[in-house]
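Q: Supplied in structure tokens, the structure appears directly below.
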Amino acid sequence: MAATMYPGEPIPNGGFLPPKTGASATQSPNLKKTLSQVKAEKKRQARIAVGLPPEGLPINERDIMGPTLAYSNEPMNYTRSALQEARHVADYSDLEKQYHRSKSTFVGAASRLLSREDSYFLYRDVDVSYNSRQGLLEDSRKMNVHDLHHKWQHRLDAKTK
């Protein structure tokens, strides 16, 4: 018996290859899709179901245009200088917006230092009416209980109603 590698013919190990005809010759039905492929297919089907194109459209104009060296009757910028000027104007307007946004929240170094010194002083400023560390701890516990009651009392009231 001759060993050949053609479909339907015997092969050296004694088995047979299935004949490859029709769709199975070009595409195997047992190919597994990855999870990302399944998700992408579901997303495409959902977009089609609501009347949208299967793939999303790009938001930025530069993604729609695509780079090309082909001749254009109406280019956005006729010269390199015009292109640079357009970019400069766009960059300047963005810079100005950022400047005004940061100006409204800016705190200078001197005022930051002053606030740090004030907070340090207030942290170290201890009431002299306490004679011991125990008195400070008891007061701290009382304040914690008071704060917790103040914070959660409305929920306790809601449960009792």
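Identifiers in this document derive from the order of the structure tokens: chains are assigned A, B, ..., residues are numbered from 1 separately in each chain, and ligands are numbered from 1 in order of occurrence.
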What lies within 9 Å of range 42-44 of chain A using only C-alpha atoms, ignoring chain neighbours under 5 positions off, as a count of residues only?
A: 5
